[in-house]
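Visitor: My structure is in input38.txt, and what it holds is compact mmCIF, C-alpha atoms:
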```txt
# COMPACT_ATOMS: atom_id res chain seq x y z
CA MET A 765 0.00 0.00 0.00
CA GLU A 766 2.87 2.40 0.81
CA VAL A 767 4.43 1.81 -2.60
CA VAL A 768 1.15 2.34 -4.45
CA LEU A 769 0.31 5.55 -2.57
CA LEU A 770 3.88 6.83 -2.95
CA ALA A 771 3.75 6.24 -6.72
CA ILE A 772 0.38 7.99 -7.00
CA VAL A 773 1.37 11.12 -5.06
CA THR A 774 4.73 11.30 -6.87
CA PHE A 775 2.88 11.12 -10.20
CA ILE A 776 0.71 14.06 -9.08
CA PHE A 777 3.68 16.03 -7.73
CA ALA A 778 5.59 15.56 -11.01
CA ILE A 779 2.68 16.97 -13.02
CA ASP A 780 2.10 19.74 -10.48
CA GLN A 781 5.55 21.18 -11.21
CA PHE A 782 4.27 22.65 -14.48
CA SER A 783 0.48 22.22 -14.32
CA LEU A 784 -2.35 21.94 -11.77
CA THR A 785 -1.63 24.13 -8.71
CA GLU A 786 2.19 24.44 -9.07
CA LEU A 787 2.18 24.37 -5.27
CA LEU A 788 1.59 20.80 -4.09
CA TYR A 789 5.01 19.63 -5.28
CA ARG A 790 6.87 22.06 -3.01
CA PRO A 791 8.76 20.14 -0.29
CA ILE A 792 6.99 21.92 2.57
CA ILE A 793 3.71 20.39 1.34
CA ALA A 794 4.87 17.21 -0.41
CA CYS A 795 7.14 15.84 2.32
CA PRO A 796 4.49 15.81 5.08
CA ILE A 797 2.16 13.98 2.66
CA ILE A 798 4.88 11.43 1.95
CA GLY A 799 5.56 11.24 5.68
CA ALA A 800 1.91 10.38 6.30
CA ILE A 801 2.18 7.57 3.73
CA LEU A 802 5.40 6.24 5.28
CA GLY A 803 3.99 6.54 8.79
CA ASP A 804 6.10 9.44 10.09
CA ILE A 805 4.45 12.83 9.64
CA LYS A 806 6.80 14.52 12.12
CA THR A 807 9.85 13.64 10.02
CA GLY A 808 7.94 14.79 6.95
CA LEU A 809 7.39 18.21 8.51
CA VAL A 810 11.05 18.54 9.52
CA VAL A 811 12.42 17.33 6.16
CA GLY A 812 9.86 19.38 4.22
CA GLY A 813 10.61 22.62 6.06
CA THR A 814 14.37 22.16 5.79
CA TYR A 815 14.31 21.06 2.15
CA GLU A 816 12.03 23.97 1.24
CA LEU A 817 14.71 26.37 2.45
CA MET A 818 17.20 24.55 0.23
CA MET A 819 14.98 24.72 -2.85
CA VAL A 820 13.19 28.03 -2.27
CA GLY A 821 15.37 29.85 -4.80
CA ASN A 822 15.37 27.08 -7.39
CA MET A 823 12.73 27.86 -9.99
CA PRO A 824 12.61 26.67 -13.61
CA VAL A 825 13.20 29.49 -16.07
CA GLY A 826 12.25 28.56 -19.63
CA GLY A 827 14.05 25.39 -20.61
CA ALA A 828 16.63 25.70 -17.82
CA GLN A 829 15.81 23.24 -15.04
CA PRO A 830 17.15 23.45 -11.46
CA PRO A 831 17.77 20.37 -9.28
CA ASN A 832 14.39 18.70 -8.97
CA ALA A 833 12.51 19.26 -5.71
CA VAL A 834 10.10 16.35 -6.22
CA LEU A 835 12.57 13.50 -6.57
CA GLY A 836 14.88 14.99 -3.96
CA GLY A 837 12.03 15.23 -1.47
CA VAL A 838 10.91 11.64 -2.10
CA VAL A 839 14.43 10.28 -1.67
CA ALA A 840 15.11 12.40 1.42
CA MET A 841 11.95 11.10 3.08
CA ILE A 842 12.73 7.47 2.22
CA PHE A 843 16.27 7.72 3.58
CA ALA A 844 15.12 9.57 6.70
CA VAL A 845 12.25 7.20 7.51
CA LYS A 846 13.26 3.83 6.07
CA SER A 847 17.04 4.06 6.50
CA HIS A 848 16.80 6.04 9.76
CA LEU A 849 19.32 8.67 8.69
CA ALA A 850 19.48 12.09 10.31
CA VAL A 851 17.64 14.81 8.41
CA GLU A 852 20.85 16.58 7.33
CA GLU A 853 22.40 13.32 6.11
CA ALA A 854 19.26 12.35 4.21
CA LEU A 855 19.13 15.77 2.56
CA GLY A 856 22.81 15.53 1.65
CA LEU A 857 22.09 12.31 -0.24
CA ALA A 858 18.90 13.74 -1.72
CA VAL A 859 20.82 16.50 -3.50
CA ILE A 860 22.43 13.86 -5.74
CA PHE A 861 19.03 12.45 -6.72
CA SER A 862 17.54 15.91 -7.22
CA VAL A 863 20.15 16.53 -9.92
CA PHE A 864 19.14 13.23 -11.53
CA GLY A 865 15.53 14.41 -11.44
CA GLN A 866 16.66 17.50 -13.32
CA TYR A 867 17.87 15.24 -16.12
CA VAL A 868 14.56 13.38 -16.17
CA VAL A 869 12.63 16.63 -16.71
CA THR A 870 15.05 17.70 -19.45
CA LEU A 871 14.68 14.27 -21.12
CA THR A 872 10.89 14.60 -21.03
CA PHE A 873 11.04 18.04 -22.60
CA THR A 874 13.37 16.72 -25.29
CA VAL A 875 11.01 13.85 -26.14
CA MET A 876 7.99 16.15 -26.15
CA SER A 877 9.68 18.53 -28.59
CA TYR A 878 8.86 15.98 -31.32
CA PHE A 879 5.18 16.14 -30.39
CA MET A 880 5.00 19.91 -30.66
CA ALA A 881 4.41 19.70 -34.41
CA ALA A 882 1.14 17.90 -33.65
CA GLY A 883 0.27 20.61 -31.14
CA ASP A 884 1.02 23.37 -33.65
CA LYS A 885 -1.10 21.62 -36.27
CA ALA A 886 -4.00 21.28 -33.82
CA ALA A 887 -3.72 24.97 -32.94
CA ALA A 888 -3.73 25.96 -36.62
CA GLU A 889 -6.85 23.85 -37.13
CA ALA A 890 -8.51 25.30 -34.01
CA ASN A 891 -8.66 21.79 -32.57
CA PRO A 892 -8.67 22.00 -28.73
CA LYS A 893 -8.87 18.22 -28.38
CA GLY A 894 -5.61 17.78 -30.28
CA ILE A 895 -3.83 20.30 -28.03
CA THR A 896 -5.28 18.60 -24.95
CA ASN A 897 -4.03 15.21 -26.14
CA VAL A 898 -0.48 16.51 -26.56
CA THR A 899 -0.61 17.98 -23.05
CA LEU A 900 -1.94 14.75 -21.57
CA VAL A 901 0.81 12.72 -23.25
CA SER A 902 3.42 15.08 -21.81
CA MET A 903 2.00 14.82 -18.29
CA ALA A 904 1.65 11.04 -18.55
CA ILE A 905 5.30 10.62 -19.57
CA LEU A 906 6.62 12.94 -16.85
CA GLY A 907 4.39 11.54 -14.10
CA SER A 908 5.12 7.92 -15.02
CA LEU A 909 8.90 8.45 -15.01
CA PHE A 910 8.78 10.03 -11.58
CA ALA A 911 6.42 7.37 -10.24
CA VAL A 912 8.78 4.59 -11.39
CA LEU A 913 11.76 6.38 -9.84
CA SER A 914 9.91 6.75 -6.54
CA ILE A 915 9.26 2.99 -6.47
CA VAL A 916 12.92 2.28 -7.21
CA ALA A 917 13.93 4.72 -4.48
CA TYR A 918 11.53 3.09 -2.01
CA TYR A 919 12.88 -0.42 -2.47
CA GLY A 920 16.44 0.83 -2.81
CA GLY A 921 16.18 2.92 0.35
CA SER A 922 14.61 0.08 2.32
CA ALA A 923 17.20 -2.43 1.11
CA ALA A 924 20.06 -0.01 1.75
CA GLY A 925 18.97 0.67 5.33
CA GLU A 926 21.30 -1.85 7.01
CA ALA A 927 24.14 -1.10 4.62
CA LEU A 928 23.85 2.64 5.28
CA SER A 929 23.73 2.05 9.03
CA ALA A 930 26.91 -0.01 8.85
CA PHE A 931 28.52 2.56 6.56
CA LYS A 932 27.56 5.30 9.02
CA GLU A 933 29.33 3.47 11.84
CA ASN A 934 32.46 2.57 9.89
CA TYR A 935 32.81 5.79 7.89
CA SER A 936 31.29 8.38 10.18
CA TRP A 937 33.37 11.14 8.59
CA VAL A 938 31.58 10.65 5.25
CA MET A 939 28.15 10.90 6.84
CA ALA A 940 29.32 13.90 8.85
CA GLY A 941 30.31 15.54 5.58
CA LEU A 942 26.92 14.81 4.07
CA GLY A 943 25.27 16.22 7.19
CA ALA A 944 27.32 19.39 6.94
CA ALA A 945 26.51 19.74 3.24
CA GLY A 946 22.82 19.16 3.88
CA GLY A 947 22.80 21.74 6.65
CA MET A 948 24.61 24.26 4.45
CA MET A 949 22.34 23.84 1.42
CA ARG A 950 19.38 25.53 3.12
CA TYR A 951 21.41 28.74 3.31
CA VAL A 952 22.54 28.35 -0.29
CA GLY A 953 18.90 28.09 -1.41
CA PHE A 954 17.95 31.19 0.53
CA ALA A 955 20.97 33.05 -0.88
CA VAL A 956 19.86 32.18 -4.44
CA LEU A 957 16.41 33.59 -3.66
CA LEU A 958 17.87 36.80 -2.22
CA LYS A 959 20.09 37.26 -5.26
CA ILE A 960 16.98 37.29 -7.44
CA MET A 961 14.57 39.25 -5.24
CA LEU A 962 16.53 41.54 -2.92
CA ALA A 963 16.46 45.21 -3.97
CA ASN A 964 18.62 47.97 -2.54
CA ASP A 965 15.68 49.60 -0.74
CA MET A 966 14.96 46.35 1.16
CA TRP A 967 18.29 45.97 2.97
CA GLY A 968 16.93 47.77 6.04
CA ILE A 969 13.97 45.40 6.31
CA TYR A 970 16.31 42.45 5.70
CA PHE A 971 18.54 43.36 8.64
CA ALA A 972 15.51 44.22 10.77
CA GLY A 973 14.31 40.65 10.25
CA PHE A 974 17.56 39.32 11.67
CA ALA A 975 17.22 41.67 14.64
CA PHE A 976 13.65 40.59 15.40
CA ALA A 977 14.61 36.92 15.05
CA ALA A 978 17.51 37.39 17.50
CA ILE A 979 15.27 39.21 19.99
CA PHE A 980 12.35 36.78 19.83
CA GLY A 981 14.67 33.76 19.83
CA ASN A 982 16.39 34.77 23.06
CA ILE A 983 13.20 35.37 25.03
CA PRO A 984 11.94 32.10 26.56
CA ALA A 985 8.29 33.09 26.20
CA THR A 986 8.59 33.78 22.44
CA SER A 987 11.45 31.52 21.31
CA GLY A 988 9.09 28.74 20.22
CA ALA A 989 7.29 31.09 17.79
CA THR A 990 10.24 33.13 16.53
CA LEU A 991 9.63 32.58 12.82
CA LEU A 992 5.89 33.16 13.14
CA LEU A 993 6.31 36.40 15.09
CA THR A 994 8.97 37.67 12.67
CA ALA A 995 6.65 36.84 9.77
CA PHE A 996 3.86 38.87 11.41
CA VAL A 997 6.21 41.86 11.68
CA GLY A 998 7.11 41.46 7.99
CA MET A 999 3.43 41.26 7.06
CA ALA A 1000 2.73 44.44 9.02
CA ILE A 1001 5.51 46.30 7.21
CA ALA A 1002 4.36 45.01 3.81
CA LEU A 1003 0.72 45.95 4.50
CA PHE A 1004 1.68 49.44 5.66
CA ASP A 1005 3.88 49.96 2.59
CA TYR A 1006 1.10 48.75 0.28
CA GLN A 1007 -1.54 51.00 1.85
CA THR A 1008 0.80 53.99 1.75
CA ASN A 1009 1.56 53.48 -1.94
CA VAL A 1010 -2.14 53.08 -2.75
CA LYS A 1011 -2.93 56.36 -1.01
CA ILE A 1012 -0.12 58.14 -2.86
CA LYS A 1013 -1.32 56.73 -6.19
CA ASN A 1014 -4.96 57.74 -5.52
CA SER A 1015 -3.95 61.24 -4.45
CA ALA A 1016 -1.70 61.87 -7.43
CA GLY A 1017 -3.18 64.56 -9.69
CA SER A 1018 -6.15 65.17 -7.39
CA SER A 1019 -7.05 68.25 -5.45
CA ASN A 1020 -6.26 66.52 -2.14
CA GLY A 1021 -3.58 68.07 0.00
CA GLY A 1022 -2.20 71.58 -0.25
CA GLU A 1023 -1.02 74.26 2.12
CA THR A 1024 -4.08 74.02 4.36
CA ASP A 1025 -3.17 70.60 5.75
CA GLY A 1026 0.59 71.02 5.52
CA ILE A 1027 1.10 68.57 2.67
```
In structure tokens, what does this structure look like?

Guide:
Amino acid sequence: MEVVLLAIVTFIFAIDQFSLTELLYRPIIACPIIGAILGDIKTGLVVGGTYELMMVGNMPVGGAQPPNAVLGGVVAMIFAVKSHLAVEEALGLAVIFSVFGQYVVTLTFTVMSYFMAAGDKAAAEANPKGITNVTLVSMAILGSLFAVLSIVAYYGGSAAGEALSAFKENYSWVMAGLGAAGGMMRYVGFAVLLKIMLANDMWGIYFAGFAFAAIFGNIPATSGATLLLTAFVGMAIALFDYQTNVKIKNSAGSSNGGETDGI
């Protein structure tokens, strides 16, 4: 039953990367679902939250594909639950498989390029059914490949459990390296996101976030909700900035303001 459910949800997650909601496949959502299937939701929440930080800045742009979040999340969960690896070690191994998932997506796109002529012909003939068929074939190929890989990962991870445990004891320095790499990757993912999004006028808010996190984290009464409280502060700043800009835009060119009210 675990294998069947894992294959089904992986099929859906693979399609969701480019269709459907484009949200379900994110590790913070997918990993807890996989954890529920494997019987360990708590590990799914921990792996999903950590892996999301690693992949938060990795977004496909055109034909360029980043390391794949779906396959990496599946493998990380299998190694963490079935092989009983620490979260950081499981994520360190998952990075390798996420790169392999990147190749799978690229392969699917390459194969589907030969079907685009049929899609173009259907569009020229105003044939929605033909376009739909091409799309369904694409999703079926992508979902099936990922589903098969999830099954292979499940049996491989289960079979490798004892071997990995023995390897961990005999070569602890290798697993320590994987743990360090897995712990570091979350900051790399966040750095990639900042490189894309951070503007010069946001540096003050950026450093303020660190300050609030340090303050809330060192107060016993608030340390358990540090991220949530910091997020509320960020939401308040964003809402105030939005409302201020709306008021400025609505007042531009109007008769509002003037010397009488000091503006």

Visitor: So which one's closest to Thr990 (chain A), A:Gly973, A:Ala963, A:Thr785, A:Phe1004? Using all atoms listed in the file, please.

Guide: A:Gly973

Visitor: Neighbouring residues of Ala794 (chain A) were defined as those with any atom within 12 Å, considering all atoms listed in the file; residues of the same chain fewer than 2 positions away were excluded. Please report them as a short mmCIF file (atom, residue, chain, number, x, y, z; two decimals) with C-alpha atoms, in the coordinates of the input.

Guide:
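File selection_33.cif, as written:
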```
data_model
loop_
_atom_site.label_atom_id
_atom_site.label_comp_id
_atom_site.auth_asym_id
_atom_site.auth_seq_id
_atom_site.Cartn_x
_atom_site.Cartn_y
_atom_site.Cartn_z
CA LEU A 770 3.88 6.83 -2.95
CA VAL A 773 1.37 11.12 -5.06
CA THR A 774 4.73 11.30 -6.87
CA PHE A 775 2.88 11.12 -10.20
CA ILE A 776 0.71 14.06 -9.08
CA PHE A 777 3.68 16.03 -7.73
CA ALA A 778 5.59 15.56 -11.01
CA ASP A 780 2.10 19.74 -10.48
CA GLN A 781 5.55 21.18 -11.21
CA GLU A 786 2.19 24.44 -9.07
CA LEU A 787 2.18 24.37 -5.27
CA LEU A 788 1.59 20.80 -4.09
CA TYR A 789 5.01 19.63 -5.28
CA ARG A 790 6.87 22.06 -3.01
CA PRO A 791 8.76 20.14 -0.29
CA ILE A 792 6.99 21.92 2.57
CA PRO A 796 4.49 15.81 5.08
CA ILE A 797 2.16 13.98 2.66
CA ILE A 798 4.88 11.43 1.95
CA GLY A 799 5.56 11.24 5.68
CA ALA A 800 1.91 10.38 6.30
CA ILE A 801 2.18 7.57 3.73
CA ILE A 805 4.45 12.83 9.64
CA GLY A 808 7.94 14.79 6.95
CA LEU A 809 7.39 18.21 8.51
CA VAL A 810 11.05 18.54 9.52
CA VAL A 811 12.42 17.33 6.16
CA GLY A 812 9.86 19.38 4.22
CA GLY A 813 10.61 22.62 6.06
CA TYR A 815 14.31 21.06 2.15
CA GLU A 816 12.03 23.97 1.24
CA ALA A 833 12.51 19.26 -5.71
CA VAL A 834 10.10 16.35 -6.22
CA LEU A 835 12.57 13.50 -6.57
CA GLY A 836 14.88 14.99 -3.96
CA GLY A 837 12.03 15.23 -1.47
CA VAL A 838 10.91 11.64 -2.10
CA VAL A 839 14.43 10.28 -1.67
CA ALA A 840 15.11 12.40 1.42
CA MET A 841 11.95 11.10 3.08
#
```

Visitor: For Val768 (chain A), which residue out of A:Ser914, A:Asn1009, A:Thr986, A:Thr874 is the nearest one, using only C-alpha atoms?

Guide: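 Ranking A:Ser914, A:Asn1009, A:Thr986, A:Thr874 by distance to Val768 (chain A), first place goes to A:Ser914.
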
Visitor: How many Å lie between CA of Asn897 (chain A) and CA of Lys885 (chain A), rounded to one decimal?

Guide: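 Value for the CA of Asn897 (chain A)-CA of Lys885 (chain A) distance: 12.3 Å.
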
Visitor: Please return region 847-858 of chain A, rebuilt to all heavy atoms, as a short mmCIF file (atom, residue, chain, number, x, y, z; two decimals), in the coordinates of the input.

Guide:
```
data_model
loop_
_atom_site.label_atom_id
_atom_site.label_comp_id
_atom_site.auth_asym_id
_atom_site.auth_seq_id
_atom_site.Cartn_x
_atom_site.Cartn_y
_atom_site.Cartn_z
N SER A 847 15.64 4.35 6.18
CA SER A 847 17.04 4.06 6.50
C SER A 847 17.47 4.69 7.83
O SER A 847 18.62 4.53 8.23
CB SER A 847 17.96 4.55 5.37
OG SER A 847 17.63 3.92 4.15
N HIS A 848 16.57 5.45 8.44
CA HIS A 848 16.80 6.04 9.76
C HIS A 848 18.03 6.95 9.79
O HIS A 848 18.80 6.95 10.76
CB HIS A 848 16.95 4.94 10.82
CG HIS A 848 15.80 3.98 10.85
ND1 HIS A 848 14.54 4.33 11.28
CD2 HIS A 848 15.72 2.68 10.45
CE1 HIS A 848 13.72 3.29 11.18
NE2 HIS A 848 14.41 2.28 10.67
N LEU A 849 18.22 7.70 8.72
CA LEU A 849 19.32 8.67 8.69
C LEU A 849 18.85 9.98 9.31
O LEU A 849 17.66 10.29 9.34
CB LEU A 849 19.77 8.94 7.25
CG LEU A 849 20.43 7.79 6.49
CD1 LEU A 849 20.86 8.26 5.11
CD2 LEU A 849 21.64 7.24 7.24
N ALA A 850 19.80 10.75 9.81
CA ALA A 850 19.48 12.09 10.31
C ALA A 850 19.00 12.94 9.14
O ALA A 850 19.35 12.68 7.98
CB ALA A 850 20.70 12.72 10.97
N VAL A 851 18.23 13.98 9.46
CA VAL A 851 17.64 14.81 8.41
C VAL A 851 18.72 15.41 7.52
O VAL A 851 18.62 15.37 6.28
CB VAL A 851 16.78 15.94 9.04
CG1 VAL A 851 16.33 16.92 7.96
CG2 VAL A 851 15.57 15.35 9.74
N GLU A 852 19.78 15.94 8.12
CA GLU A 852 20.85 16.58 7.33
C GLU A 852 21.54 15.57 6.42
O GLU A 852 21.86 15.87 5.27
CB GLU A 852 21.88 17.25 8.25
CG GLU A 852 21.39 18.50 8.97
CD GLU A 852 20.50 18.16 10.16
OE1 GLU A 852 20.42 16.95 10.52
OE2 GLU A 852 19.89 19.08 10.72
N GLU A 853 21.76 14.36 6.93
CA GLU A 853 22.40 13.32 6.11
C GLU A 853 21.49 12.88 4.97
O GLU A 853 21.97 12.69 3.83
CB GLU A 853 22.75 12.13 7.00
CG GLU A 853 23.77 12.45 8.07
CD GLU A 853 23.91 11.34 9.10
OE1 GLU A 853 23.11 10.39 9.05
OE2 GLU A 853 24.82 11.44 9.94
N ALA A 854 20.21 12.74 5.26
CA ALA A 854 19.26 12.35 4.21
C ALA A 854 19.18 13.41 3.13
O ALA A 854 19.12 13.10 1.93
CB ALA A 854 17.88 12.11 4.82
N LEU A 855 19.20 14.69 3.54
CA LEU A 855 19.13 15.77 2.56
C LEU A 855 20.42 15.85 1.74
O LEU A 855 20.39 16.20 0.56
CB LEU A 855 18.87 17.09 3.27
CG LEU A 855 17.47 17.25 3.86
CD1 LEU A 855 17.37 18.53 4.68
CD2 LEU A 855 16.42 17.25 2.77
N GLY A 856 21.55 15.55 2.39
CA GLY A 856 22.81 15.53 1.65
C GLY A 856 22.80 14.51 0.54
O GLY A 856 23.28 14.76 -0.58
N LEU A 857 22.22 13.33 0.81
CA LEU A 857 22.09 12.31 -0.24
C LEU A 857 21.04 12.69 -1.27
O LEU A 857 21.17 12.39 -2.45
CB LEU A 857 21.71 10.96 0.40
CG LEU A 857 22.80 10.25 1.20
CD1 LEU A 857 22.21 9.07 1.96
CD2 LEU A 857 23.92 9.78 0.28
N ALA A 858 19.99 13.38 -0.82
CA ALA A 858 18.90 13.74 -1.72
C ALA A 858 19.34 14.70 -2.81
O ALA A 858 18.78 14.71 -3.91
CB ALA A 858 17.75 14.36 -0.93
#
```
